[in-house]
$ cat final.cif   # mmCIF, C-alpha atoms
data_structure
#
loop_
_atom_site.label_atom_id
_atom_site.label_comp_id
_atom_site.auth_asym_id
_atom_site.auth_seq_id
_atom_site.Cartn_x
_atom_site.Cartn_y
_atom_site.Cartn_z
CA MET A 1 0.00 0.00 0.00
CA TYR A 2 1.35 3.40 -0.91
CA THR A 3 1.96 6.04 1.73
CA MET A 4 0.73 9.51 0.92
CA LYS A 5 4.06 11.23 0.25
CA VAL A 6 3.03 13.82 -2.30
CA ARG A 7 5.01 16.11 -4.55
CA ASN A 8 3.18 19.40 -4.89
CA GLY A 9 2.95 20.88 -8.39
CA ARG A 10 4.73 24.22 -8.88
CA ALA A 11 3.00 25.55 -11.98
CA CYS A 12 -0.32 27.30 -11.60
CA HIS A 13 -1.89 30.26 -13.36
CA ARG A 14 -5.19 31.31 -11.84
CA LEU A 15 -5.09 29.25 -8.66
CA SER A 16 -2.32 29.10 -6.10
CA VAL A 17 -0.24 25.94 -6.15
CA LEU A 18 -1.77 24.62 -2.96
CA GLN A 19 -5.30 25.33 -4.14
CA ALA A 20 -4.74 23.69 -7.50
CA THR A 21 -2.95 20.67 -6.07
CA GLY A 22 -5.46 20.27 -3.26
CA TYR A 23 -8.38 20.41 -5.67
CA SER A 24 -6.75 17.97 -8.06
CA ILE A 25 -5.95 15.45 -5.31
CA THR A 26 -9.43 15.69 -3.81
CA HIS A 27 -11.23 15.52 -7.14
CA SER A 28 -9.05 12.69 -8.43
CA MET A 29 -9.63 10.54 -5.36
CA TRP A 30 -13.34 11.36 -5.27
CA GLN A 31 -13.71 10.53 -8.96
CA ARG A 32 -11.99 7.16 -8.48
CA GLN A 33 -14.20 6.26 -5.53
CA LEU A 34 -17.32 7.37 -7.38
CA ASN A 35 -16.43 5.31 -10.44
CA LYS A 36 -15.87 2.22 -8.29
CA LYS A 37 -19.18 2.81 -6.57
CA MET A 38 -21.02 3.23 -9.88
CA LYS A 39 -19.59 -0.05 -11.16
CA LYS A 40 -20.76 -1.88 -8.04
CA THR A 41 -24.27 -0.39 -8.01
CA HIS A 42 -24.84 -0.09 -11.76
CA PHE A 43 -27.16 -3.08 -11.92
CA LYS A 44 -29.47 -1.59 -9.29
CA HIS A 45 -30.34 1.39 -11.46
CA TYR A 46 -30.48 -0.04 -14.95
CA THR A 47 -32.97 -2.89 -14.87
CA GLN A 48 -36.05 -2.25 -17.00
CA HIS A 49 -38.27 -2.22 -13.92
CA ILE A 50 -36.16 0.40 -12.14
CA THR A 51 -35.72 2.68 -15.15
CA GLU A 52 -39.48 2.72 -15.69
CA GLU A 53 -39.98 3.44 -12.01
CA TYR A 54 -37.63 6.45 -12.22
CA TYR A 55 -39.47 7.73 -15.27
CA ASP A 56 -42.86 7.33 -13.57
CA ARG A 57 -41.60 9.17 -10.48
CA TYR A 58 -40.32 11.97 -12.65
CA GLN A 59 -43.65 12.34 -14.49
CA ILE A 60 -45.64 12.37 -11.25
CA ALA A 61 -43.39 15.02 -9.68
CA ILE A 62 -43.53 17.23 -12.78
CA GLY A 63 -47.31 16.81 -12.90
CA GLN A 64 -47.43 18.12 -9.33
CA GLY A 65 -45.53 21.24 -10.36
CA GLN A 66 -42.29 20.34 -8.58
CA GLU A 67 -38.98 21.83 -9.74
CA GLN A 68 -35.44 20.44 -9.95
CA VAL A 69 -37.01 17.01 -9.92
CA LEU A 70 -34.11 15.06 -11.40
CA VAL A 71 -31.47 16.70 -9.22
CA LYS A 72 -33.46 15.98 -6.05
CA MET A 73 -34.31 12.47 -7.19
CA SER A 74 -30.65 11.73 -7.90
CA GLU A 75 -29.86 12.43 -4.25
CA GLU A 76 -32.71 10.19 -3.10
CA VAL A 77 -31.68 7.21 -5.24
CA ASP A 78 -27.94 7.89 -4.78
CA LEU A 79 -27.12 8.23 -8.48
CA SER A 80 -25.21 10.90 -10.39
CA PRO A 81 -27.61 13.62 -11.71
CA ILE A 82 -26.46 13.26 -15.31
CA LEU A 83 -26.73 9.46 -15.20
CA LEU A 84 -30.29 9.72 -13.88
CA ALA A 85 -31.07 12.34 -16.54
CA ARG A 86 -29.83 9.91 -19.18
CA ILE A 87 -32.15 7.18 -17.89
CA VAL A 88 -35.21 9.43 -17.81
CA LEU A 89 -34.47 10.99 -21.19
CA GLU A 90 -33.98 7.55 -22.73
CA ARG A 91 -37.34 6.33 -21.36
CA HIS A 92 -39.03 9.56 -22.49
CA LEU A 93 -37.75 9.18 -26.06
CA ALA A 94 -38.60 5.49 -26.10
CA HIS A 95 -42.22 6.20 -25.13
CA THR A 96 -42.83 9.38 -27.12
CA VAL A 97 -40.70 8.99 -30.25
CA TYR A 98 -39.55 5.41 -30.77
CA GLY A 99 -42.69 3.49 -29.86
CA GLY A 100 -41.07 1.59 -27.01
CA GLU A 101 -38.07 0.54 -29.10
CA ASN A 102 -34.44 1.20 -28.19
CA VAL A 103 -33.28 4.78 -28.58
CA PRO A 104 -30.16 5.19 -30.76
CA LYS A 105 -27.18 6.02 -28.54
CA SER A 106 -26.12 8.79 -30.91
CA VAL A 107 -29.48 10.56 -30.48
CA LEU A 108 -29.39 10.18 -26.72
CA SER A 109 -25.82 11.46 -26.42
CA GLN A 110 -26.49 14.41 -28.70
CA GLN A 111 -29.51 15.56 -26.70
CA LEU A 112 -27.63 15.15 -23.41
CA LYS A 113 -24.83 17.35 -24.72
CA ASP A 114 -27.27 19.91 -26.09
CA PRO A 115 -30.56 19.88 -24.11
CA SER A 116 -32.02 22.52 -26.45
CA LEU A 117 -32.59 19.62 -28.88
CA ILE A 118 -35.05 18.02 -26.42
CA GLU A 119 -38.54 18.89 -27.65
CA ASP A 120 -40.11 18.69 -24.18
CA ALA A 121 -39.17 22.09 -22.69
CA VAL A 122 -39.62 20.97 -19.08
CA LEU A 123 -37.42 17.92 -19.52
CA ALA A 124 -34.86 20.02 -21.41
CA ASN A 125 -34.64 22.36 -18.42
CA GLU A 126 -34.35 19.43 -16.00
CA VAL A 127 -31.51 17.88 -18.00
CA SER A 128 -29.74 21.26 -18.19
CA LEU A 129 -29.88 21.55 -14.40
CA CYS A 130 -28.34 18.09 -14.08
CA LEU A 131 -25.48 19.12 -16.37
CA LEU A 132 -24.87 22.20 -14.22
CA MET A 133 -25.13 20.43 -10.87
CA ASP A 134 -23.13 17.30 -11.67
CA ASP A 135 -19.43 17.91 -10.99
CA ASN A 136 -18.26 14.40 -11.91
CA TYR A 137 -19.97 13.45 -15.16
CA GLY A 138 -21.36 15.22 -18.17
CA HIS A 139 -20.39 17.45 -21.05
CA TYR A 140 -19.55 20.56 -19.02
CA VAL A 141 -17.16 18.69 -16.74
CA ASP A 142 -15.42 17.18 -19.77
CA THR A 143 -15.13 20.64 -21.31
CA ILE A 144 -13.54 22.05 -18.14
CA LYS A 145 -11.06 19.16 -17.94
CA HIS A 146 -10.16 19.61 -21.60
CA SER A 147 -9.65 23.35 -21.11
CA VAL A 148 -7.36 22.86 -18.10
CA GLY A 149 -5.43 20.15 -19.93
CA HIS A 150 -4.96 22.44 -22.95
CA GLU A 151 -3.75 25.25 -20.71
CA TYR A 152 -0.96 23.10 -19.30
CA GLU A 153 -0.05 21.75 -22.72
CA LEU A 154 0.52 25.37 -23.74
CA LEU A 155 2.61 25.86 -20.61
CA LEU A 156 4.76 22.88 -21.60
CA LYS A 157 5.17 24.31 -25.11
CA GLU A 158 6.27 27.66 -23.65
CA LYS A 159 8.84 25.98 -21.40
CA VAL A 160 10.24 23.88 -24.25
CA GLU A 161 10.60 26.93 -26.47
CA GLU A 162 12.17 28.99 -23.65
CA LYS A 163 14.87 26.33 -23.41
CA GLY A 164 15.46 26.50 -27.16
CA LEU A 165 14.57 22.83 -27.73
CA ALA A 166 13.57 21.61 -31.18
CA TYR A 167 10.42 19.51 -30.99
CA LEU A 168 7.42 18.05 -32.76
CA GLY A 169 3.87 18.43 -31.42
CA GLU A 170 1.05 15.88 -31.45
CA ASP A 171 -0.41 17.13 -34.74
CA GLN A 172 2.95 16.92 -36.50
CA LEU A 173 3.49 13.39 -35.20
CA ARG A 174 0.06 12.27 -36.39
CA ILE A 175 0.80 13.63 -39.86
CA ARG A 176 3.86 11.40 -39.84
CA GLY A 177 1.64 8.39 -39.12
CA TYR A 178 2.05 7.89 -35.37
CA ASP A 179 -1.12 6.73 -33.61
CA LYS A 180 0.21 7.09 -30.05
CA THR A 181 1.67 10.55 -29.53
CA PRO A 182 3.09 12.36 -26.49
CA ASP A 183 2.51 16.10 -26.19
CA THR A 184 6.09 16.86 -27.18
CA LYS A 185 8.64 14.75 -29.06
CA LEU A 186 12.12 16.26 -28.82
CA GLU A 187 14.05 16.16 -32.07
CA VAL A 188 17.29 16.11 -30.11
CA PRO A 189 17.24 14.26 -26.76
CA ILE A 190 18.13 15.95 -23.47
CA ALA A 191 19.32 14.53 -20.16
CA VAL A 192 17.46 15.18 -16.89
CA ASP A 193 18.84 13.94 -13.57
CA GLY A 194 21.11 11.60 -15.49
CA HIS A 195 18.28 10.14 -17.57
CA VAL A 196 17.81 10.53 -21.33
CA VAL A 197 14.52 12.19 -22.33
CA ASN A 198 13.17 11.91 -25.88
CA TRP A 199 9.60 13.02 -25.19
CA ILE A 200 7.58 14.94 -22.61
CA GLU A 201 3.97 14.34 -21.64
CA SER A 202 1.85 16.93 -19.78
CA LYS A 203 -0.76 15.83 -17.23
CA ALA A 204 -2.86 18.60 -15.68
CA SER A 205 -3.85 16.38 -12.77
CA PHE A 206 -2.60 14.73 -9.62
CA GLY A 207 -0.87 11.41 -10.20
CA ASP A 208 -2.53 8.82 -7.97
CA GLU A 209 -2.00 5.08 -8.10
CA ASP A 210 -5.02 4.18 -10.24
CA SER A 211 -4.65 6.94 -12.82
CA HIS A 212 -0.89 6.42 -13.19
CA LYS A 213 -1.34 2.69 -13.66
CA GLY A 214 -3.84 3.35 -16.44
CA TYR A 215 -1.61 5.91 -18.13
CA LEU A 216 1.35 3.53 -18.04
CA LYS A 217 -0.67 0.84 -19.76
CA ASP A 218 -2.50 2.98 -22.30
CA GLN A 219 0.02 5.74 -23.05
CA PHE A 220 3.46 5.91 -21.45
CA TRP A 221 4.78 2.46 -22.39
CA SER A 222 3.48 3.00 -25.94
CA TYR A 223 5.49 6.21 -26.14
CA TRP A 224 8.52 4.36 -24.79
CA ASN A 225 8.16 1.64 -27.43
CA ARG A 226 8.00 4.22 -30.22
CA PHE A 227 10.37 6.95 -29.05
CA GLY A 228 12.48 5.59 -26.19
CA PRO A 229 12.72 7.06 -22.66
CA GLY A 230 10.74 10.13 -21.71
CA LEU A 231 9.41 12.45 -19.02
CA VAL A 232 5.90 12.80 -17.58
CA ILE A 233 4.99 16.03 -15.79
CA TYR A 234 2.13 15.78 -13.29
CA TRP A 235 1.66 19.52 -12.78
CA PHE A 236 -0.47 19.05 -9.64
CA GLY A 237 1.91 16.55 -8.05
CA PHE A 238 2.03 12.79 -7.63
CA ILE A 239 2.59 10.08 -5.03
CA ASP A 240 6.35 9.71 -4.59
CA GLU A 241 6.31 5.93 -4.64
CA LEU A 242 4.95 5.88 -8.20
CA ASP A 243 8.25 7.15 -9.60
CA THR A 244 9.68 3.63 -9.92
CA ASN A 245 10.42 3.42 -13.65
CA ARG A 246 13.26 5.92 -14.03
CA ASP A 247 15.83 3.28 -14.83
CA LYS A 248 13.41 1.72 -17.32
CA GLY A 249 12.91 5.00 -19.15
CA ILE A 250 9.90 6.85 -17.67
CA LEU A 251 10.74 9.78 -15.42
CA LEU A 252 8.12 11.57 -13.28
CA MET A 253 8.30 15.22 -12.21
CA ASP A 254 5.88 17.89 -10.96
CA HIS A 255 7.46 20.76 -12.91
CA PHE A 256 9.44 21.43 -16.04
CA PRO A 257 13.07 20.45 -15.35
CA GLU A 258 15.40 23.33 -14.61
CA ASN A 259 18.72 21.53 -14.95
CA ILE A 260 18.88 20.21 -18.50
CA VAL A 261 21.91 18.70 -20.15
CA TYR A 262 21.83 19.48 -23.86
CA MET A 263 23.10 16.72 -26.14
CA ASN A 264 25.25 17.54 -29.17
CA PRO A 265 23.12 16.98 -32.32
CA LYS A 266 26.20 15.83 -34.28
CA ILE A 267 27.03 13.20 -31.67
CA VAL A 268 23.42 12.04 -31.55
CA SER A 269 23.30 11.87 -35.36
CA ARG A 270 26.47 9.78 -35.56
CA ALA A 271 25.25 7.46 -32.83
CA GLN A 272 21.93 6.94 -34.59
CA SER A 273 23.63 6.24 -37.94
CA VAL A 274 25.77 3.54 -36.30
CA THR A 275 22.74 1.81 -34.80
#
$ encode --input "final.cif" --output "structure tokens"
Amino acid sequence: MYTMKVRNGRACHRLSVLQATGYSITHSMWQRQLNKKMKKTHFKHYTQHITEEYYDRYQIAIGQGQEQVLVKMSEEVDLSPILLARIVLERHLAHTVYGGENVPKSVLSQQLKDPSLIEDAVLANEVSLCLLMDDNYGHYVDTIKHSVGHEYELLLKEKVEEKGLAYLGEDQLRIRGYDKTPDTKLEVPIAVDGHVVNWIESKASFGDEDSHKGYLKDQFWSYWNRFGPGLVIYWFGFIDELDTNRDKGILLMDHFPENIVYMNPKIVSRAQSVT
């Protein structure tokens, strides 16, 4: 079991470092626990009997003139607001549009992302409230995460350019046919703390055990296979004990490295031509 020795991230624009790191740690752990809980209780909410019951409860409450029905109901049944909204919207479309048949997932997802497409104005408002009130699932949360991630990718780009490093971005790598791409591929390797770095990946989050394990499997080792050793920056910090793959070629830090050893391009070129 890992002890909670945490490296605090140094980079932060609008929030202080402690605020940003504290939020990231709290949200990351909460999200993991919530996901585990949803997996364990999923079957309780998605049987045909239960989904119809939720829909009936919603209709009765709306008929009585109640407001914020789905948000309040989500608390009562212990289910995420947006997940409950998805159930009720799916049953509504099945009954009113698709004659009891299955609703296409594309239609359901589109209306959840843009409630203005829902013809029933009351239900559209209820779904919108769920999107606003749910801080773990939904389109708005994904948009916020994407925005924060993009902000720190730009920060990485600024740091790389400040150091005068030649690099390729994700778009350039994809044009060259790579399917797995880090945020930055250095055209000339550097050395950090005695370790060679060919690529740098930006993570605008706190590195906990579960998330890091998933990233290693789905991303970092793929980068290593394609480009060799690299560096991962968890801007909001990480658990110290996770930094166990330095000698294997994956270095973890919570900031852009300050002490960089530049490698001579001519030496690198000659070494590559020999191999």
$ residues_around --input "final.cif" --residues "Asp183 (chain A)" --least-positions-apart "5" --cutoff "8 Å" --atoms "only C-alpha atoms" --output "PyMOL selection string"
chain A and resi 153+169-170+199-202
$ closest_residue --input "final.cif" --among "A:Leu231, A:Leu129, A:Leu155, A:Val196" --to "Pro182 (chain A)" --atoms "only C-alpha atoms"
A:Leu231
$ closest_residue --input "final.cif" --among "A:Leu186, A:Val69, A:Met263, A:Val88" --to "Tyr54 (chain A)" --atoms "all atoms listed in the file"
A:Val88
$ resolve_selection --input "final.cif" --expression "the PyMOL selection byres ((chain A and resi 74-80) around 9)" --output "PyMOL selection string"
chain A and resi 38+45+69-73+81-85+130+134+136-137
$ resolve_selection --input "final.cif" --expression "the PyMOL selection byres ((chain A and resi 55) around 9)" --output "list of chain:residue names"
A:Ile50, A:Thr51, A:Glu52, A:Glu53, A:Tyr54, A:Asp56, A:Arg57, A:Tyr58, A:Gln59, A:Ile60, A:Ile87, A:Val88, A:Leu89, A:Arg91, A:His92
$ atom_distance --input "final.cif" --atom1 "CA of Glu90 (chain A)" --atom2 "CA of Thr143 (chain A)"
23.0 Å
$ residues_around --input "final.cif" --residues "region 177-180 of chain A" --least-positions-apart "3" --cutoff "7 Å" --atoms "all atoms listed in the file" --output "ChimeraX atom specification"
/A:173-174,222-223
$ atom_distance --input "final.cif" --atom1 "CA of Val107 (chain A)" --atom2 "CA of Arg86 (chain A)"
11.3 Å
$ resolve_selection --input "final.cif" --expression "the PyMOL selection byres ((chain A and resi 225) around 12)" --output "MDAnalysis selection string"
chainID A and resid 178 180:182 198:199 216:224 226:230 248:250
$ atom_distance --input "final.cif" --atom1 "CA of Ala166 (chain A)" --atom2 "CA of Val188 (chain A)"
6.7 Å
